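> One structure, as structure tokens, below. Some questions next.
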Amino acid sequence: MIADVLRLFPGITSRDFRILTGIEVGMQDHEWVPFDELVKYTRIDHQNLAYLLGELIEKELVVATTQPYEGYRLYFNGYDALAINALVKRGSISALGDEIGVGKESVVHEGMKEPELPIGDPETVIVKFHREGRTSFRDVKRVRGHLVNKEHFSWIYAARLAAGREYEIMSRLYPDISIPKPIDGNRHAIVMEPAKGELLFKVRLEDPEIFFDMIMEQVEKIYCHNIIHADLSEYNVFVNPEGVQIIDWPQYVTPSHPHAEELLRRDISNIAAHFKKKYNLKRDVDALYGQIVSSTDNIKD
């Protein structure tokens with residue numbers, strides 16, 4: 001848990017971080033990183049390295065095996081520590097607070113960022129830690145198109161790739177699309193501005209038709225950027241008095257994807273079903289789909 005990492009963070013030394021980084025690098029080629037590889041990478045003598053690894057294991061930052069050889073790999077806490085350390089050094093966060101959201105594939109925390117000018121107040125940010133691959137590599141690989149052809153990958157690779165993919169697309173879409181502003185990304189973590197308002201499924205809207213149309217307008221604008229969200233529902237749309245914001249982007253696809261039509265229809269259908277169930281607002285999914293795909297004349301490169 002992030003709380004455990006934060007408790008340990010002040011006591012993690014530069015040599016500890018060098019060892020964690022060495023294991024991270026080694027996991028690109030090894031399921032378990034051999035001890036001798038870590039000696040070469042860290043340039044720490046055998047005796048001291050063995051002692052420091054023992055401490056990292058005790059802190060649950062690293063796990064070890066002796067079969068079929070002595071090897072090591074990062075525990076999620078160790079990877080969290082590496083990402084937090086990098087984000088702190090870059091000034092993207094200065095503190096992490098409470099956990100405000102958790103799912104099968106991510107953990108979200110509130111954080112603080114020091115202002116760019118010394119006269120300002122600290123800014124509230126959101127830090128999202130991806131957790132793809134934590135439960136089942138096979139299941140993640142099956143549902144993630146960007147992993148299908150990857151023969152060797154660890155949960156580190158899966159989580160890092162998902163976070164990088166989400167940060168990249170958010171950076172490309174912002175500010176044309178109504179999403180939280182992306183601030184920074186490192187490894188499996190993304191720092192962004194907080195989304196405005198409340199999640200769609202939590203609120204009772206006074207003017208549901210207006211908000212439905214605003215969401216569909218965003219879906220169309222996204223499509224005009226050659227992107228389909230591919231996981232849109234009432235659980236990743238924020239609503240506020242000024243409009244809507246859409247979150248959670250790692251599963252996006254382009255219109256050239258073999259299942260693009262199915263995924264776009266599902267996005268539309270999910271939102272339409274929510275508004276029909278909660279507000280008895282009926283909309284024709286086929287007509288909405290046709291309207292959105294007919295906007296291809298406005299597609300941006």
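Labels used: A, B, ... for chains in the order of the structure tokens, numbers from 1 for residues in each chain, and numbers from 1 for ligands as shown.
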Just want the 12 Å neighbourhood of Gly78 of chain A, counted on only C-alpha atoms, with same-chain residues fewer than 4 positions away dropped. Output as a PyMOL selection string.

chain A and resi 1-2+4-6+8-9+12+16-24+53+56-63+72-74+82-85+156+187-188

> Tell me which of A:Ala95, A:Ile210, A:Val88, A:Ala50 sits closest to Ala3 of chain A, counting only C-alpha atoms.

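Closest residue, counting only C-alpha atoms: A:Ala95.
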
> Would you list the contacts of Pro180 of chain A as a list of chain:residue names, taking every protein, DNA or RNA residue within 9 Å and counting only C-alpha atoms, but skipping same-chain residues closer than 6 positions in sequence?

A:Met170, A:Tyr174, A:Met192, A:Glu193, A:Pro194, A:Ala195, A:Lys196, A:Gln245, A:Ile246, A:Ile247

> Residues near Ile271 of chain A, anyone? I mean within 10 Å using only C-alpha atoms, not counting same-chain ones fewer than 6 positions away, as a PyMOL selection string.

chain A and resi 200+212+215-216+232-235+237+283+285

> Grab the residues selected above and save them as a PDB file, in the first residue's frame with N, CA, C and O atoms.


```pdb
ATOM      1  N   LEU A 200     -20.463  10.894 -12.482  1.00  0.00           N
ATOM      2  CA  LEU A 200     -21.821  10.879 -13.011  1.00  0.00           C
ATOM      3  C   LEU A 200     -22.735   9.936 -12.247  1.00  0.00           C
ATOM      4  O   LEU A 200     -23.894  10.268 -11.965  1.00  0.00           O
ATOM      5  N   PHE A 212     -26.285  14.910 -20.935  1.00  0.00           N
ATOM      6  CA  PHE A 212     -26.128  13.831 -21.915  1.00  0.00           C
ATOM      7  C   PHE A 212     -25.564  14.388 -23.216  1.00  0.00           C
ATOM      8  O   PHE A 212     -24.631  13.821 -23.804  1.00  0.00           O
ATOM      9  N   ILE A 215     -21.885  15.190 -22.957  1.00  0.00           N
ATOM     10  CA  ILE A 215     -21.031  13.995 -23.014  1.00  0.00           C
ATOM     11  C   ILE A 215     -20.892  13.518 -24.453  1.00  0.00           C
ATOM     12  O   ILE A 215     -19.788  13.211 -24.919  1.00  0.00           O
ATOM     13  N   MET A 216     -22.012  13.476 -25.195  1.00  0.00           N
ATOM     14  CA  MET A 216     -21.950  13.039 -26.595  1.00  0.00           C
ATOM     15  C   MET A 216     -21.122  14.014 -27.444  1.00  0.00           C
ATOM     16  O   MET A 216     -20.415  13.598 -28.365  1.00  0.00           O
ATOM     17  N   LEU A 232     -15.878   3.888 -21.829  1.00  0.00           N
ATOM     18  CA  LEU A 232     -16.662   4.992 -21.291  1.00  0.00           C
ATOM     19  C   LEU A 232     -17.906   4.480 -20.569  1.00  0.00           C
ATOM     20  O   LEU A 232     -18.602   3.591 -21.055  1.00  0.00           O
ATOM     21  N   SER A 233     -18.175   5.062 -19.414  1.00  0.00           N
ATOM     22  CA  SER A 233     -19.374   4.723 -18.650  1.00  0.00           C
ATOM     23  C   SER A 233     -19.618   5.821 -17.629  1.00  0.00           C
ATOM     24  O   SER A 233     -18.843   6.787 -17.527  1.00  0.00           O
ATOM     25  N   GLU A 234     -20.670   5.670 -16.838  1.00  0.00           N
ATOM     26  CA  GLU A 234     -20.982   6.649 -15.797  1.00  0.00           C
ATOM     27  C   GLU A 234     -19.940   6.669 -14.685  1.00  0.00           C
ATOM     28  O   GLU A 234     -19.959   7.563 -13.835  1.00  0.00           O
ATOM     29  N   TYR A 235     -19.002   5.712 -14.706  1.00  0.00           N
ATOM     30  CA  TYR A 235     -17.990   5.633 -13.658  1.00  0.00           C
ATOM     31  C   TYR A 235     -16.714   6.402 -13.991  1.00  0.00           C
ATOM     32  O   TYR A 235     -15.820   6.500 -13.145  1.00  0.00           O
ATOM     33  N   VAL A 237     -16.954   9.553 -15.927  1.00  0.00           N
ATOM     34  CA  VAL A 237     -17.359  10.883 -16.380  1.00  0.00           C
ATOM     35  C   VAL A 237     -17.663  11.730 -15.147  1.00  0.00           C
ATOM     36  O   VAL A 237     -18.472  11.338 -14.302  1.00  0.00           O
ATOM     37  N   ARG A 283     -32.598   7.751 -25.894  1.00  0.00           N
ATOM     38  CA  ARG A 283     -31.874   8.222 -27.076  1.00  0.00           C
ATOM     39  C   ARG A 283     -31.554   7.033 -27.973  1.00  0.00           C
ATOM     40  O   ARG A 283     -31.282   5.928 -27.488  1.00  0.00           O
ATOM     41  N   VAL A 285     -29.251   4.953 -29.996  1.00  0.00           N
ATOM     42  CA  VAL A 285     -27.810   4.703 -30.070  1.00  0.00           C
ATOM     43  C   VAL A 285     -27.328   4.669 -31.521  1.00  0.00           C
ATOM     44  O   VAL A 285     -26.266   5.221 -31.843  1.00  0.00           O
TER      45      VAL A 285
END
```

> Which one is closest to Arg204 of chain A: A:Leu38, A:Val239, A:Leu49, A:Ile268? Count only C-alpha atoms.

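Of all the options, A:Val239 lies closest to Arg204 of chain A.
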
> Quick check for you: according to DSSP on this backbone, which residues of segment 13-139 of chain A are classed as alpha helix (DSSP H)? Reply as a CSV table (one decimal) with N, CA and C atoms, in the first residue's frame.


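Output contents, as saved in selection-v6.csv:
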```
chain,number,residue,atom,x,y,z
A,14,SER,N,20.0,6.5,-0.9
A,14,SER,CA,20.3,6.6,-2.3
A,14,SER,C,20.8,5.2,-2.8
A,15,ARG,N,21.6,4.5,-1.9
A,15,ARG,CA,22.0,3.1,-2.3
A,15,ARG,C,20.8,2.2,-2.5
A,16,ASP,N,19.8,2.3,-1.6
A,16,ASP,CA,18.6,1.5,-1.7
A,16,ASP,C,18.0,1.8,-3.1
A,17,PHE,N,17.9,3.0,-3.4
A,17,PHE,CA,17.2,3.4,-4.7
A,17,PHE,C,18.1,2.8,-5.9
A,18,ARG,N,19.4,2.8,-5.7
A,18,ARG,CA,20.2,2.3,-6.8
A,18,ARG,C,19.9,0.8,-7.0
A,19,ILE,N,19.7,0.1,-5.9
A,19,ILE,CA,19.4,-1.4,-5.9
A,19,ILE,C,18.1,-1.6,-6.5
A,20,LEU,N,17.1,-0.8,-6.1
A,20,LEU,CA,15.7,-0.9,-6.7
A,20,LEU,C,15.7,-0.7,-8.2
A,21,THR,N,16.5,0.3,-8.6
A,21,THR,CA,16.6,0.6,-10.0
A,21,THR,C,17.3,-0.5,-10.8
A,22,GLY,N,18.3,-1.1,-10.1
A,22,GLY,CA,19.0,-2.2,-10.8
A,22,GLY,C,18.1,-3.4,-11.0
A,23,ILE,N,17.2,-3.7,-10.0
A,23,ILE,CA,16.2,-4.8,-10.1
A,23,ILE,C,15.2,-4.4,-11.2
A,24,GLU,N,14.8,-3.2,-11.2
A,24,GLU,CA,13.8,-2.7,-12.3
A,24,GLU,C,14.4,-2.9,-13.7
A,25,VAL,N,15.7,-2.5,-13.9
A,25,VAL,CA,16.3,-2.7,-15.2
A,25,VAL,C,16.5,-4.2,-15.5
A,26,GLY,N,16.9,-5.0,-14.5
A,26,GLY,CA,17.1,-6.4,-14.8
A,26,GLY,C,15.8,-7.1,-15.1
A,35,PHE,N,21.6,-12.3,-8.6
A,35,PHE,CA,22.4,-11.5,-7.6
A,35,PHE,C,23.6,-10.9,-8.3
A,36,ASP,N,24.3,-11.7,-9.1
A,36,ASP,CA,25.5,-11.2,-9.8
A,36,ASP,C,25.2,-10.0,-10.7
A,37,GLU,N,24.1,-10.0,-11.4
A,37,GLU,CA,23.7,-8.9,-12.2
A,37,GLU,C,23.6,-7.6,-11.4
A,38,LEU,N,23.0,-7.8,-10.2
A,38,LEU,CA,22.9,-6.6,-9.3
A,38,LEU,C,24.2,-6.1,-8.8
A,39,VAL,N,25.1,-7.0,-8.6
A,39,VAL,CA,26.5,-6.6,-8.2
A,39,VAL,C,27.1,-5.7,-9.3
A,40,LYS,N,26.9,-6.1,-10.5
A,40,LYS,CA,27.5,-5.4,-11.7
A,40,LYS,C,26.8,-4.0,-11.8
A,41,TYR,N,25.5,-4.0,-11.7
A,41,TYR,CA,24.8,-2.7,-11.9
A,41,TYR,C,25.0,-1.7,-10.8
A,42,THR,N,25.0,-2.2,-9.5
A,42,THR,CA,25.1,-1.3,-8.4
A,42,THR,C,26.5,-0.9,-8.0
A,46,HIS,N,29.6,-7.7,-2.6
A,46,HIS,CA,28.7,-8.8,-2.3
A,46,HIS,C,28.1,-8.8,-0.9
A,47,GLN,N,29.0,-8.6,0.0
A,47,GLN,CA,28.5,-8.6,1.4
A,47,GLN,C,27.6,-7.5,1.8
A,48,ASN,N,27.9,-6.3,1.3
A,48,ASN,CA,27.0,-5.1,1.6
A,48,ASN,C,25.7,-5.2,0.8
A,49,LEU,N,25.8,-5.7,-0.4
A,49,LEU,CA,24.6,-5.8,-1.2
A,49,LEU,C,23.7,-6.9,-0.6
A,50,ALA,N,24.2,-8.0,-0.2
A,50,ALA,CA,23.4,-9.0,0.5
A,50,ALA,C,22.7,-8.4,1.7
A,51,TYR,N,23.4,-7.6,2.5
A,51,TYR,CA,22.8,-7.1,3.7
A,51,TYR,C,21.7,-6.1,3.3
A,52,LEU,N,21.9,-5.2,2.3
A,52,LEU,CA,21.0,-4.2,1.9
A,52,LEU,C,19.7,-4.8,1.3
A,53,LEU,N,19.9,-5.9,0.5
A,53,LEU,CA,18.8,-6.6,0.0
A,53,LEU,C,17.9,-7.2,1.1
A,54,GLY,N,18.6,-7.7,2.1
A,54,GLY,CA,17.8,-8.3,3.2
A,54,GLY,C,16.9,-7.3,3.9
A,55,GLU,N,17.5,-6.0,4.0
A,55,GLU,CA,16.6,-5.0,4.6
A,55,GLU,C,15.5,-4.6,3.7
A,56,LEU,N,15.7,-4.6,2.4
A,56,LEU,CA,14.7,-4.2,1.4
A,56,LEU,C,13.6,-5.3,1.4
A,57,ILE,N,14.0,-6.5,1.6
A,57,ILE,CA,13.0,-7.6,1.6
A,57,ILE,C,12.2,-7.5,2.9
A,58,GLU,N,12.8,-7.2,4.0
A,58,GLU,CA,12.1,-7.0,5.3
A,58,GLU,C,11.1,-5.9,5.2
A,76,PHE,N,5.3,-4.4,-5.5
A,76,PHE,CA,4.7,-3.1,-5.9
A,76,PHE,C,5.2,-2.0,-5.1
A,77,ASN,N,5.4,-2.2,-3.8
A,77,ASN,CA,5.8,-1.1,-2.9
A,77,ASN,C,7.2,-0.5,-3.4
A,78,GLY,N,8.1,-1.4,-3.9
A,78,GLY,CA,9.4,-0.9,-4.4
A,78,GLY,C,9.2,-0.1,-5.6
A,79,TYR,N,8.3,-0.5,-6.5
A,79,TYR,CA,8.1,0.3,-7.7
A,79,TYR,C,7.4,1.6,-7.4
A,80,ASP,N,6.5,1.6,-6.4
A,80,ASP,CA,5.9,2.8,-6.0
A,80,ASP,C,6.9,3.8,-5.5
A,81,ALA,N,7.9,3.3,-4.7
A,81,ALA,CA,8.9,4.1,-4.1
A,81,ALA,C,9.8,4.8,-5.2
A,82,LEU,N,10.1,4.0,-6.2
A,82,LEU,CA,10.9,4.6,-7.3
A,82,LEU,C,10.1,5.7,-8.1
A,83,ALA,N,8.8,5.5,-8.3
A,83,ALA,CA,8.0,6.5,-9.0
A,83,ALA,C,7.9,7.7,-8.1
A,84,ILE,N,7.6,7.5,-6.9
A,84,ILE,CA,7.4,8.7,-6.0
A,84,ILE,C,8.7,9.5,-5.9
A,85,ASN,N,9.8,8.8,-5.7
A,85,ASN,CA,11.1,9.5,-5.6
A,85,ASN,C,11.4,10.3,-6.9
A,86,ALA,N,11.1,9.8,-8.0
A,86,ALA,CA,11.3,10.6,-9.3
A,86,ALA,C,10.4,11.8,-9.4
A,87,LEU,N,9.2,11.6,-9.0
A,87,LEU,CA,8.2,12.7,-9.1
A,87,LEU,C,8.5,13.8,-8.0
A,88,VAL,N,9.0,13.4,-6.9
A,88,VAL,CA,9.4,14.4,-5.9
A,88,VAL,C,10.6,15.2,-6.4
A,89,LYS,N,11.6,14.5,-6.9
A,89,LYS,CA,12.8,15.1,-7.4
A,89,LYS,C,12.5,16.1,-8.5
A,137,PHE,N,-1.4,-11.8,-15.2
A,137,PHE,CA,-0.8,-11.4,-16.5
A,137,PHE,C,-1.6,-11.8,-17.7
A,138,ARG,N,-2.1,-13.1,-17.6
A,138,ARG,CA,-2.8,-13.7,-18.8
A,138,ARG,C,-4.1,-12.9,-19.0
A,139,ASP,N,-4.9,-12.5,-18.0
A,139,ASP,CA,-6.1,-11.8,-18.2
A,139,ASP,C,-5.8,-10.4,-18.7
```

> Any idea what's packed within 9 Å of Tyr289 of chain A, counting only C-alpha atoms, ignoring anything in its chain fewer than 2 positions away? Could you give it as a PyMOL selection string?

chain A and resi 261+264-265+268+284-287+291-294

> Would you kindly return, as number ranges by chain, each protein, DNA or RNA residue with an atom no farther than 9 Å from any atom of Glu166 of chain A, considering only C-alpha atoms and excluding same-chain residues fewer than 2 positions away?

A: 161-164, 168-171, 190, 248-252

> Counting only C-alpha atoms, what is within 12 Å of segment 123-125 of chain A, bar same-chain residues fewer than 2 positions away, as number ranges by chain?

A: 91-98, 100, 108-117, 120-121, 127-128, 180-184, 190-196

> For atom CA of Ile126 of chain A and atom CA of Val253 of chain A, determine how far apart the two atoms are, in Å to one decimal place.

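Those two atoms sit 24.3 Å apart.
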